[in-house]
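Participant: Below is the structure I would like to discuss, written out as structure tokens.
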Amino acid sequence: MVDIATRVYNHKWKIDPIVRSLIDTDFYKLLMCQSVFRNKRDTNVTFSLINRSKDVRLADLVDEGELREQLDHIRSLSLSRGESTFLRGNTFYGKRQMFRPDFMEWFENVSLPAYHLEKRDGQYELTFEGKWPEVMLWEIPALAVLMELRSRAVLKDMGRFELQVLYARAMTRLWEKVEKLQGVDDLRLADFGTRRRHSFMWQDRCVQAMQEGLGDKFVGTSNCLIAMRREVEAIGTNAHELPMVYSALAESDEALRQAPYDVLADWHEEHEGNLRIILPDTYGTDGFLAGAPDWLAGWTGIRIDSGDPAEGAERAIRWWKSRGEDPTQKLVIFSDGLDVDKIIELQAKFRGRVRVSFGWGTLLTNDFRGLVPNDGLSPFSLVCKAVSANGRPTVKLSDNPRKAMGPAEEIARYKRVFGVGDQEDIAVVV
């Protein structure tokens with residue numbers, strides 16, 4: 001096992017690449033990329049970095065030259081032969097050749113487009129513009145780079161022994177979490193922690209801990225590179241990006257109202273089984289479920305990513321029953337701000353009522369809270385979102401108004417079109 005403290009100490013090299021592979025990304029990103037390549041490949045999209053935690057002044061912490069070196073390195077990457085073979089030949093979700101030959105030929109030859117970087121008011125303004133299939137591939141590595149550069153900045157003046165103690169404490173905390181989960185019956189848990197991880201090495205260490213400590217309760221990782229190296233399942237479905245862009249392209253209020261269902265109709269054509277998971281909260285879950293076509297009720301499950309998670313699951317159960325479906329045969333994936341106690345609580349509450357699974361993110365792969373002075377490694381909420389499509393602004397409403405994004409006038413329009421009323425304001429932890 002690699003001595004992680006020594007490895008971190010040696011990050012003082014001129015450039016030590018944070019992202020070393022185009023498949024050091026989330027599996028759902030590649031699934032969505034193939035869907036976009038098939039259906040909307042000529043759409044021009046802009047992605048932008050958004051730091052919701054304004055008190056973390058990234059531009060004061062992270063050296064601009066180092067950030068540019070890391071981003072430039074990512075632009076130089078291409079798939080290795082082994083990575084291409086993994087994607088072309090492996091079985092994902094029980095299906096061989098999940099990735100079509102035309103998509104793989106494109107992916108094997110892609111280079112990520114240029115980026116635009118500025119400093120403003122203690123933050124980085126980082127944007128990516130280009131054709132949707134290419135520019136969307138920036139999201140995960142850009143976040144991973146900034147999160148790890150922040151970690152390196154906080155740790156750079158620590159000595160070798162101090163780093164050993166820090167990582168020993170972090171590993172103890174990680175293992176204590178694993179031990180608490182060992183006694184949870186029928187647990188299904190996956191690593192969803194790529195985008196806001198402490199580092200690649202630490203995410204890999206977290207996966208190893210869950211493999212060893214949880215056995216069959218650990219069902220896989222969202223990270224394709226780790227999945228390949230550790231021979232575990234690559235896990236993921238779809239994200240808010242798809243309905244946000246489809247909606248921005250809508251020519252009328254009626255087309256806007258239909259756009260989230262058009263996304264899933266395209267997805268339905270490509271995928272089956274456990275990849276047919278609804279993410280209903282982009283423009284408010286209540287309105288989405290009320291207007292959903294009957295064929296969506298036949299999908300495998302729902303992912304809950306904002307709002308109160310227990311209420312989200314109850315809402316899904318009520319909806320399935322109203323559509324004549326048996327909730328005990330449906331899958332609910334919880335994936336928002338999870339930690340051990342919440343996982344245990346939700347598993348106890350819904351076990352036997354639905355099939356339950358958890359996508360455990362930041363508080364798995366980046367829980368260094370209280371381990372350095374001034375809590376300098378505490379996780380924070382950094383996202384990289386599609387902000388426009390063909391020159392039109394994108395909008396996200398969510399079930400938590402604190403996660404809403406887009407111009408105020410467009411947010412008001414979307415709330416009217418989707419019938420979004422009062423929402424509970426919930427603190428965004430990560």
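Ordering of the structure tokens sets the chain letters (A, B, ...), residue numbers begin anew at 1 in every chain, and ligands are numbered from 1 in the order given.
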Just list as a VMD selection string whatever in region 168-391 of chain A DSSP marks as strand (DSSP E).

Facilitator: chain A and resid 189 to 191 218 to 221 277 to 278 301 to 304 331 to 334 355 to 360 382 to 389

Participant: How would the residues just chosen look if you wrote them out with N, CA and C atoms as a tab-separated table (two decimals), in the first residue's frame?

Facilitator:
```
chain	number	residue	atom	x	y	z
A	189	LEU	N	-24.15	0.32	-0.97
A	189	LEU	CA	-23.46	1.59	-0.86
A	189	LEU	C	-22.41	1.72	-1.97
A	190	ALA	N	-22.41	2.87	-2.65
A	190	ALA	CA	-21.42	3.13	-3.69
A	190	ALA	C	-20.68	4.42	-3.40
A	191	ASP	N	-19.45	4.51	-3.90
A	191	ASP	CA	-18.66	5.74	-3.81
A	191	ASP	C	-19.07	6.69	-4.92
A	218	PHE	N	-20.67	-3.03	-0.34
A	218	PHE	CA	-20.09	-2.02	-1.22
A	218	PHE	C	-20.29	-2.48	-2.65
A	219	VAL	N	-21.06	-1.70	-3.43
A	219	VAL	CA	-21.47	-2.17	-4.76
A	219	VAL	C	-20.68	-1.54	-5.89
A	220	GLY	N	-19.83	-0.54	-5.61
A	220	GLY	CA	-19.01	0.00	-6.69
A	220	GLY	C	-18.66	1.45	-6.49
A	221	THR	N	-18.03	2.03	-7.51
A	221	THR	CA	-17.59	3.42	-7.47
A	221	THR	C	-18.01	4.14	-8.74
A	277	ILE	N	-33.11	5.29	-14.14
A	277	ILE	CA	-33.30	5.96	-12.85
A	277	ILE	C	-33.69	7.41	-13.11
A	278	ILE	N	-34.81	7.84	-12.53
A	278	ILE	CA	-35.30	9.20	-12.70
A	278	ILE	C	-34.60	10.12	-11.70
A	301	GLY	N	-36.27	3.15	-10.84
A	301	GLY	CA	-36.18	3.85	-9.57
A	301	GLY	C	-35.99	5.34	-9.73
A	302	ILE	N	-35.68	5.99	-8.61
A	302	ILE	CA	-35.52	7.44	-8.50
A	302	ILE	C	-34.27	7.74	-7.68
A	303	ARG	N	-33.54	8.79	-8.10
A	303	ARG	CA	-32.41	9.29	-7.29
A	303	ARG	C	-32.83	10.59	-6.63
A	304	ILE	N	-32.58	10.69	-5.32
A	304	ILE	CA	-32.97	11.86	-4.54
A	304	ILE	C	-31.70	12.66	-4.25
A	331	LEU	N	-36.37	1.12	-6.78
A	331	LEU	CA	-35.10	1.49	-6.18
A	331	LEU	C	-35.08	2.99	-5.88
A	332	VAL	N	-34.73	3.35	-4.65
A	332	VAL	CA	-34.50	4.73	-4.26
A	332	VAL	C	-33.01	4.90	-3.96
A	333	ILE	N	-32.38	5.81	-4.69
A	333	ILE	CA	-30.95	6.09	-4.48
A	333	ILE	C	-30.84	7.44	-3.79
A	334	PHE	N	-30.30	7.45	-2.58
A	334	PHE	CA	-30.03	8.68	-1.85
A	334	PHE	C	-28.61	9.14	-2.17
A	355	ARG	N	-36.48	-0.71	-2.40
A	355	ARG	CA	-35.07	-1.12	-2.48
A	355	ARG	C	-34.23	0.14	-2.30
A	356	VAL	N	-33.30	0.10	-1.37
A	356	VAL	CA	-32.56	1.30	-0.99
A	356	VAL	C	-31.10	1.17	-1.41
A	357	SER	N	-30.55	2.28	-1.94
A	357	SER	CA	-29.12	2.32	-2.24
A	357	SER	C	-28.62	3.73	-1.94
A	358	PHE	N	-27.32	3.84	-1.73
A	358	PHE	CA	-26.73	5.11	-1.35
A	358	PHE	C	-25.53	5.42	-2.23
A	359	GLY	N	-25.47	6.66	-2.72
A	359	GLY	CA	-24.30	7.19	-3.40
A	359	GLY	C	-23.61	8.16	-2.45
A	360	TRP	N	-22.53	7.72	-1.81
A	360	TRP	CA	-21.87	8.46	-0.75
A	360	TRP	C	-20.75	9.29	-1.36
A	382	LEU	N	-18.41	23.26	-4.20
A	382	LEU	CA	-17.90	23.74	-5.47
A	382	LEU	C	-18.54	22.93	-6.59
A	383	VAL	N	-19.12	23.60	-7.58
A	383	VAL	CA	-19.75	22.91	-8.70
A	383	VAL	C	-19.27	23.52	-10.01
A	384	CYS	N	-19.46	22.78	-11.08
A	384	CYS	CA	-19.18	23.26	-12.43
A	384	CYS	C	-20.40	22.89	-13.27
A	385	LYS	N	-21.15	23.88	-13.70
A	385	LYS	CA	-22.45	23.65	-14.31
A	385	LYS	C	-22.52	24.22	-15.72
A	386	ALA	N	-23.38	23.62	-16.54
A	386	ALA	CA	-23.73	24.21	-17.83
A	386	ALA	C	-24.53	25.48	-17.56
A	387	VAL	N	-24.04	26.62	-18.06
A	387	VAL	CA	-24.71	27.90	-17.79
A	387	VAL	C	-25.39	28.47	-19.02
A	388	SER	N	-25.07	27.97	-20.20
A	388	SER	CA	-25.80	28.40	-21.39
A	388	SER	C	-25.71	27.32	-22.46
A	389	ALA	N	-26.71	27.34	-23.36
A	389	ALA	CA	-26.76	26.40	-24.49
A	389	ALA	C	-27.25	27.16	-25.71
```

Participant: Write out as a list of chain:residue names all residues of region 354-425 of chain A that DSSP puts in helix (DSSP H, G or I) for this structure's backbone.

Facilitator: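 Secondary structure check on region 354-425 of chain A, helix (DSSP H, G or I): A:Thr362, A:Leu363, A:Leu364, A:Thr365, A:Pro373, A:Asn374, A:Asp375, A:Pro401, A:Arg402, A:Lys403, A:Ala408, A:Glu409, A:Glu410, A:Ile411, A:Ala412, A:Arg413, A:Tyr414, A:Lys415, A:Arg416, A:Val417, A:Phe418.
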
Participant: Counting only C-alpha atoms, which residue out of A:Leu364, A:Leu371, A:Thr6, A:Thr46 sits closest to Phe161 (chain A)?

Facilitator: A:Thr6

Participant: Of the residues A:Ala170, A:Ala408, A:Leu61, A:Val417, which is the one nearest to Glu254 (chain A), using only C-alpha atoms?

Facilitator: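 Among the listed residues, the smallest separation from Glu254 (chain A) belongs to A:Val417.
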
Participant: Of the candidates A:Cys224, A:Leu346, A:Arg100, A:Val420, which one gets nearest to Phe86 (chain A) if we count only C-alpha atoms?

Facilitator: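 Looking at the shortest contact to Phe86 (chain A), the residue is A:Cys224.
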
Participant: Using CA of Lys217 (chain A) and CA of Trp299 (chain A) as the two end points, give the distance in Å to one decimal.

Facilitator: 23.6 Å

Participant: Here is a test: counting only C-alpha atoms, which residue of A:Val178, A:Ala144, A:Leu71, A:Val184 is nearest to Asn366 (chain A)?

Facilitator: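 With only C-alpha atoms as the atom set, the closest residue is A:Ala144.
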
Participant: In terms of the shortest atom-to-atom distance over only C-alpha atoms, which of A:Leu264, A:Leu187, A:Val165, A:Ala142 is closest to Ile344 (chain A)?

Facilitator: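 Closest to Ile344 (chain A) of all the choices is A:Leu187.
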
Participant: What is the CA of Leu363 (chain A)-CA of Leu174 (chain A) distance in Å, reported with one decimal?

Facilitator: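 So the two atoms, CA of Leu363 (chain A) and CA of Leu174 (chain A), lie 9.6 Å apart.
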
Participant: Tell me, as a list of chain:residue names, which residues lie within 12 Å of Asp422 (chain A), counting only C-alpha atoms; anything in the same chain fewer than 3 positions away does not count.

Facilitator: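 Here the qualifying residues turn out to be A:Gly284, A:Asp286, A:Leu397, A:Ser398, A:Asp399, A:Asn400, A:Pro401, A:Lys415, A:Arg416, A:Gly419, A:Asp425.
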
Participant: Between CA of Lys177 (chain A) and CA of Arg197 (chain A), what is the distance in Å, rounded to a tenth?

Facilitator: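 Interatomic distance here is 16.7 Å.
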
Participant: Find, counting only C-alpha atoms, the residue in A:Tyr261, A:Leu289, A:Val154, A:Asp294 that gets nearest to Pro373 (chain A).

Facilitator: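 Among the listed residues, A:Val154 lies closest to Pro373 (chain A).
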
Participant: Compile the contact shell of region 148-153 of chain A as a ChimeraX atom specification: residues with an atom at most 9 Å away, counting only C-alpha atoms, same-chain residues fewer than 6 positions apart removed.

Facilitator: /A:8,11-12,18,58,61-63,66-67,196-200,376-377

Participant: With only C-alpha atoms as the counted atoms, please give the residues lying no more than 12 Å from Phe418 (chain A), apart from itself and same-chain residues fewer than 2 positions off, as a PyMOL selection string.

Facilitator: chain A and resi 247+253-260+281-292+395-398+410-416+420-421

Participant: Those residues with N, CA, C and O atoms, as a tab-separated table (two decimals), in the first residue's frame please?

Facilitator:
```tsv
chain	number	residue	atom	x	y	z
A	247	SER	N	-33.82	22.02	-21.75
A	247	SER	CA	-34.80	23.07	-21.44
A	247	SER	C	-34.38	24.41	-22.02
A	247	SER	O	-35.21	25.18	-22.52
A	253	ASP	N	-42.96	27.91	-24.00
A	253	ASP	CA	-43.24	27.43	-22.65
A	253	ASP	C	-43.69	25.97	-22.67
A	253	ASP	O	-43.33	25.20	-21.78
A	254	GLU	N	-44.48	25.61	-23.67
A	254	GLU	CA	-44.95	24.23	-23.75
A	254	GLU	C	-43.78	23.27	-24.00
A	254	GLU	O	-43.68	22.20	-23.39
A	255	ALA	N	-42.86	23.66	-24.90
A	255	ALA	CA	-41.68	22.83	-25.15
A	255	ALA	C	-40.80	22.76	-23.91
A	255	ALA	O	-40.20	21.72	-23.62
A	256	LEU	N	-40.72	23.87	-23.17
A	256	LEU	CA	-39.96	23.88	-21.92
A	256	LEU	C	-40.55	22.91	-20.93
A	256	LEU	O	-39.81	22.14	-20.29
A	257	ARG	N	-41.87	22.92	-20.79
A	257	ARG	CA	-42.54	22.02	-19.85
A	257	ARG	C	-42.28	20.56	-20.20
A	257	ARG	O	-42.19	19.69	-19.34
A	258	GLN	N	-42.11	20.28	-21.49
A	258	GLN	CA	-41.93	18.91	-21.96
A	258	GLN	C	-40.48	18.46	-21.95
A	258	GLN	O	-40.18	17.26	-21.94
A	259	ALA	N	-39.55	19.41	-21.89
A	259	ALA	CA	-38.12	19.10	-22.08
A	259	ALA	C	-37.58	18.04	-21.12
A	259	ALA	O	-36.84	17.14	-21.54
A	260	PRO	N	-37.88	18.09	-19.80
A	260	PRO	CA	-37.33	17.05	-18.91
A	260	PRO	C	-37.78	15.64	-19.29
A	260	PRO	O	-37.04	14.67	-19.05
A	281	ASP	N	-35.67	16.28	-9.67
A	281	ASP	CA	-35.72	17.54	-8.93
A	281	ASP	C	-35.19	18.76	-9.65
A	281	ASP	O	-35.14	19.85	-9.07
A	282	THR	N	-34.81	18.63	-10.92
A	282	THR	CA	-34.20	19.78	-11.60
A	282	THR	C	-35.10	21.01	-11.55
A	282	THR	O	-34.65	22.12	-11.31
A	283	TYR	N	-36.40	20.80	-11.75
A	283	TYR	CA	-37.36	21.91	-11.70
A	283	TYR	C	-38.48	21.63	-10.69
A	283	TYR	O	-39.61	22.06	-10.87
A	284	GLY	N	-38.14	20.92	-9.63
A	284	GLY	CA	-39.10	20.61	-8.58
A	284	GLY	C	-39.72	19.24	-8.77
A	284	GLY	O	-40.32	18.95	-9.82
A	285	THR	N	-39.55	18.39	-7.77
A	285	THR	CA	-40.01	17.01	-7.88
A	285	THR	C	-41.53	16.90	-7.98
A	285	THR	O	-42.05	16.09	-8.76
A	286	ASP	N	-42.26	17.67	-7.20
A	286	ASP	CA	-43.72	17.54	-7.20
A	286	ASP	C	-44.30	17.75	-8.59
A	286	ASP	O	-45.11	16.96	-9.07
A	287	GLY	N	-43.90	18.84	-9.24
A	287	GLY	CA	-44.42	19.12	-10.57
A	287	GLY	C	-43.98	18.09	-11.59
A	287	GLY	O	-44.75	17.70	-12.47
A	288	PHE	N	-42.71	17.64	-11.46
A	288	PHE	CA	-42.22	16.63	-12.40
A	288	PHE	C	-43.04	15.36	-12.31
A	288	PHE	O	-43.48	14.82	-13.33
A	289	LEU	N	-43.28	14.86	-11.10
A	289	LEU	CA	-44.02	13.61	-10.95
A	289	LEU	C	-45.47	13.77	-11.35
A	289	LEU	O	-46.06	12.87	-11.95
A	290	ALA	N	-46.07	14.92	-11.06
A	290	ALA	CA	-47.48	15.14	-11.42
A	290	ALA	C	-47.68	15.09	-12.93
A	290	ALA	O	-48.69	14.57	-13.41
A	291	GLY	N	-46.71	15.60	-13.68
A	291	GLY	CA	-46.87	15.63	-15.13
A	291	GLY	C	-46.19	14.50	-15.87
A	291	GLY	O	-46.24	14.46	-17.11
A	292	ALA	N	-45.58	13.57	-15.15
A	292	ALA	CA	-44.81	12.50	-15.79
A	292	ALA	C	-45.70	11.55	-16.57
A	292	ALA	O	-46.77	11.16	-16.09
A	395	VAL	N	-31.12	27.00	-16.46
A	395	VAL	CA	-31.73	27.23	-15.15
A	395	VAL	C	-31.81	25.91	-14.40
A	395	VAL	O	-32.08	24.86	-15.00
A	396	LYS	N	-31.56	25.97	-13.11
A	396	LYS	CA	-31.84	24.85	-12.22
A	396	LYS	C	-32.61	25.40	-11.02
A	396	LYS	O	-32.23	26.43	-10.47
A	397	LEU	N	-33.69	24.73	-10.65
A	397	LEU	CA	-34.48	25.16	-9.50
A	397	LEU	C	-34.21	24.29	-8.28
A	397	LEU	O	-34.04	24.78	-7.18
A	398	SER	N	-34.18	22.95	-8.47
A	398	SER	CA	-33.94	22.01	-7.38
A	398	SER	C	-35.11	21.99	-6.40
A	398	SER	O	-36.05	22.78	-6.51
A	410	GLU	N	-35.26	34.40	-15.61
A	410	GLU	CA	-35.48	33.04	-16.11
A	410	GLU	C	-35.92	32.10	-14.99
A	410	GLU	O	-36.75	31.22	-15.20
A	411	ILE	N	-35.35	32.28	-13.80
A	411	ILE	CA	-35.81	31.49	-12.65
A	411	ILE	C	-37.30	31.71	-12.42
A	411	ILE	O	-38.06	30.76	-12.21
A	412	ALA	N	-37.73	32.97	-12.49
A	412	ALA	CA	-39.16	33.29	-12.31
A	412	ALA	C	-40.00	32.62	-13.39
A	412	ALA	O	-41.08	32.08	-13.10
A	413	ARG	N	-39.53	32.67	-14.63
A	413	ARG	CA	-40.27	32.02	-15.73
A	413	ARG	C	-40.37	30.52	-15.51
A	413	ARG	O	-41.44	29.92	-15.65
A	414	TYR	N	-39.27	29.87	-15.17
A	414	TYR	CA	-39.27	28.42	-14.97
A	414	TYR	C	-40.19	28.04	-13.80
A	414	TYR	O	-40.90	27.04	-13.87
A	415	LYS	N	-40.17	28.84	-12.73
A	415	LYS	CA	-41.07	28.55	-11.61
A	415	LYS	C	-42.53	28.62	-12.06
A	415	LYS	O	-43.36	27.80	-11.64
A	416	ARG	N	-42.84	29.58	-12.93
A	416	ARG	CA	-44.22	29.68	-13.44
A	416	ARG	C	-44.55	28.48	-14.33
A	416	ARG	O	-45.60	27.84	-14.15
A	420	VAL	N	-43.74	25.76	-9.59
A	420	VAL	CA	-42.98	25.62	-8.35
A	420	VAL	C	-43.44	26.69	-7.36
A	420	VAL	O	-43.34	27.89	-7.64
A	421	GLY	N	-43.93	26.27	-6.22
A	421	GLY	CA	-44.36	27.20	-5.17
A	421	GLY	C	-43.30	27.36	-4.10
A	421	GLY	O	-42.10	27.33	-4.38
```

Participant: Hey, what's within 12 Å of Lys40 (chain A) if we count only C-alpha atoms and toss same-chain stuff fewer than 3 positions away? As a list of chain:residue names, please?

Facilitator: A:Met32, A:Cys33, A:Gln34, A:Ser35, A:Val36, A:Phe37, A:Thr43, A:Asn44, A:Val45, A:Lys131, A:Trp132, A:Pro133, A:Glu134, A:Leu242, A:Val245, A:Tyr246, A:Leu249, A:Val263, A:Asp266, A:Ala389, A:Asn390
